[in-house]
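Q: Encoded as structure tokens, here's the structure I'll be asking about.
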Amino acid sequence: MSNVKQGLAATALIIASFSSIGAQQCSDVSLQILGSGGPELDDGRAATSYLILHENKARVLVDVGSGASIGFDKAGAKFSDVDAILLSHLHTDHAGDLPSFIKGSYFTSRDKTLAIFGPQGNRVMASTNEYTQALLGKQGAFRYLSDYVEGNENYKLDIRSVAPTKQNEFKQSLQSDLAVNAMTVNHGPIPALAWKVSIAGCELVFAGDMTNKLGTFTDFAKNADVVVMHNAIDENASDGAKNLHITPSQITKVLIEAAPKTAVLSHFMNRSLKNQQLFKKSLIKSLKSNVVFAEDGLKINL
């Protein structure tokens with residue numbers, strides 16, 4: 001078979017996988033909040049991390065901020081079951097626990113490739129490949145774990161830096177019932193992604209940290225079963241904070257238009273927690289969606 005035909009066949013397979021996943025009825029999928037906080041040391045929360053389970057089996061981690069591995073343990077999940085770690089961006093409160101999961105996997109029965117997908121880099125931030133190499137590579141800070149990168153352990157890491165555009169979204173089928181889709185979002189100067197996970201007929205969308213200045217997230221999240229958005233700032237935040245994060249009023253507007261079945265608010269910081277009850281009351285009044293304000297360890301059944 002020619003390279004062109006092989007490429008077309010692979011594309012058709014991915015499209016078929018996405019179509020079959022979307023055609024199923026959503027069932028037996030749950031979202032567990034491993035961390036609902038940010039980078040602060042006094043918010044009483046683990047940093048941002050989410051676990052998607054199917055039939056109570058861990059399948060996908062979205063962000064692995066500081067404390068995520070502890071939340072994973074408390075959830076009773078098995079790392080040997082996880083198909084992918086999806087990183088929205090590489091701030092420590094979203095990616096800091098990555099080495100903890102890789103080291104901890106030594107004590108598990110994991111024997112299948114682990115996908116680690118995250119953003120491309122720029123002058124401010126390393127790419128996902130560079131970040132992982134700097135931590136786990138042969139010259140990395142934790143170079144004693146480099147066998148996982150090199151494929152010399154019981155399993156190998158499939159590390160990819162992705163930079164989707166409006167014309168070329170990143171889509172990847174991981175299993176017959178699991179596919180992921182990424183789009184670029186604006187987080188100031190930080191390369192950042194929103195992720196959509198399609199699993200067993202369910203769609204879960206994770207905005208990550210963003211401002212929505214690109215104006216494309218609403219369509220990406222339209223009619224999803226779950227949309228997770230981050231409430232890191234208050235309405236009266238500084239211009240610097242608004243250059244990185246979306247305001248409560250903008251969150252409300254996006255969720256009204258996206259109309260998910262369930263809207264989850266997370267990534268709280270002290271500056272947003274002070275007016276949380278007012279925001280929650282306003283959001284419930286404005287949306288037809290089920291509204292959930294995240295707490296560490298909360299499990300949401302779809």
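Residue names in the structure tokens use chain letters A, B, ... in the order shown, residue numbers from 1 in each chain, and ligand numbers from 1 in the order shown.
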Pick out the residues sitting within 9 Å of segment 68-71 of chain A, and hand them over as an MDAnalysis selection string; count only C-alpha atoms, and ignore anything fewer than 2 positions along from it in its own chain.
A: chainID A and resid 33:35 46:50 63:66 73:76 96:98 100:101 104 296:297
Q: Would you give me, as a list in words, the residues in segment 180-257 of chain A that DSSP reads as helix (DSSP H, G or I)?
A: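 Matching residues for helix (DSSP H, G or I) in segment 180-257 of chain A are Phe217, Thr218, Asp219, Phe220, Ala221, Asp239, Gly240, Ala241, Lys242, Pro248, Ser249, Gln250, Ile251, Thr252, Lys253, Val254, Leu255, Ile256 and Glu257 of chain A.
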Q: May I ask for the distance between atom CA of Gly137 of chain A and atom CA of Val149 of chain A, given in Å to one decimal place?
A: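 That distance, rounded to one decimal, is 6.4 Å.
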Q: Tell me, as a list in words, which residues lie within 8 Å of Ser266 of chain A, counting only C-alpha atoms; anything in the same chain fewer than 3 positions away does not count.
A: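 So, after excluding close chain neighbours, the residues are Ser36, Gly37, Thr48, Val228, Met229, His230, Asn231, Ala232, Phe293, Ala294 and Glu295 of chain A.
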Q: Excluding Ser161 of chain A and any residue of its chain fewer than 3 positions from it, enumerate the residues within 10 Å of it, using only C-alpha atoms, and give them as a count of residues only.
A: 14
Q: Tell me which protein, DNA and RNA residues are within 12 Å of Leu86 of chain A, counting only C-alpha atoms, leaving out same-chain ones fewer than 3 positions away, and put them as a PyMOL selection string.
A: chain A and resi 49-52+59-65+82-83+89-90+94-95+98+114-119+128+158-162+172+179-182+192-197+205-206+208
Q: Using only C-alpha atoms, determine which residues lie at most 9 Å from Asp225 of chain A, disregarding the query and same-chain residues fewer than 5 positions distant; provide the list as a list in words.
A: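 Close residues of Asp225 of chain A: Cys26, Cys202, Glu203, Leu204, Val205, Pro260, Lys261, Thr262, Ala263 and Leu302 of chain A.
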Q: Please determine, counting only C-alpha atoms, which residue among A:Gly67, A:Gly215, A:Gly38, A:Pro248 has the shortest atom-to-atom distance to Ser282 of chain A.
A: A:Pro248
Q: Using only C-alpha atoms, which protein or nucleic acid residues come within 8 Å of Lys156 of chain A? Drop anything in the same chain fewer than 4 positions from it, and give the result as number ranges by chain.
A: A: 112-114, 148-152
Q: Mind pulling up the distance from atom CA of Asp177 of chain A to atom CA of Tyr155 of chain A?
A: 21.4 Å
Q: Name the residues of segment 66-267 of chain A that fall into strand (DSSP E) according to DSSP on the backbone, using the chain letters and numbers of this document, as JSON, numbers by chain.
A: {"A": [84, 85, 86, 114, 115, 116, 117, 118, 119, 157, 158, 159, 160, 161, 162, 170, 171, 172, 173, 174, 175, 178, 179, 180, 181, 182, 183, 184, 185, 186, 187, 190, 191, 192, 193, 194, 195, 196, 197, 198, 199, 202, 203, 204, 205, 206, 226, 227, 228, 229, 230, 262, 263, 264, 265, 266]}
Q: Rounded to one decimal, what separation in Å do you get between atom CA of Asn56 of chain A and atom CA of Gln175 of chain A?
A: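 We find that atom CA of Asn56 of chain A and atom CA of Gln175 of chain A lie 16.8 Å from each other.
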Q: Using only C-alpha atoms, which of A:Gly201, A:Arg110, A:Lys138, A:Asp234 sits nearest Met269 of chain A?
A: A:Asp234
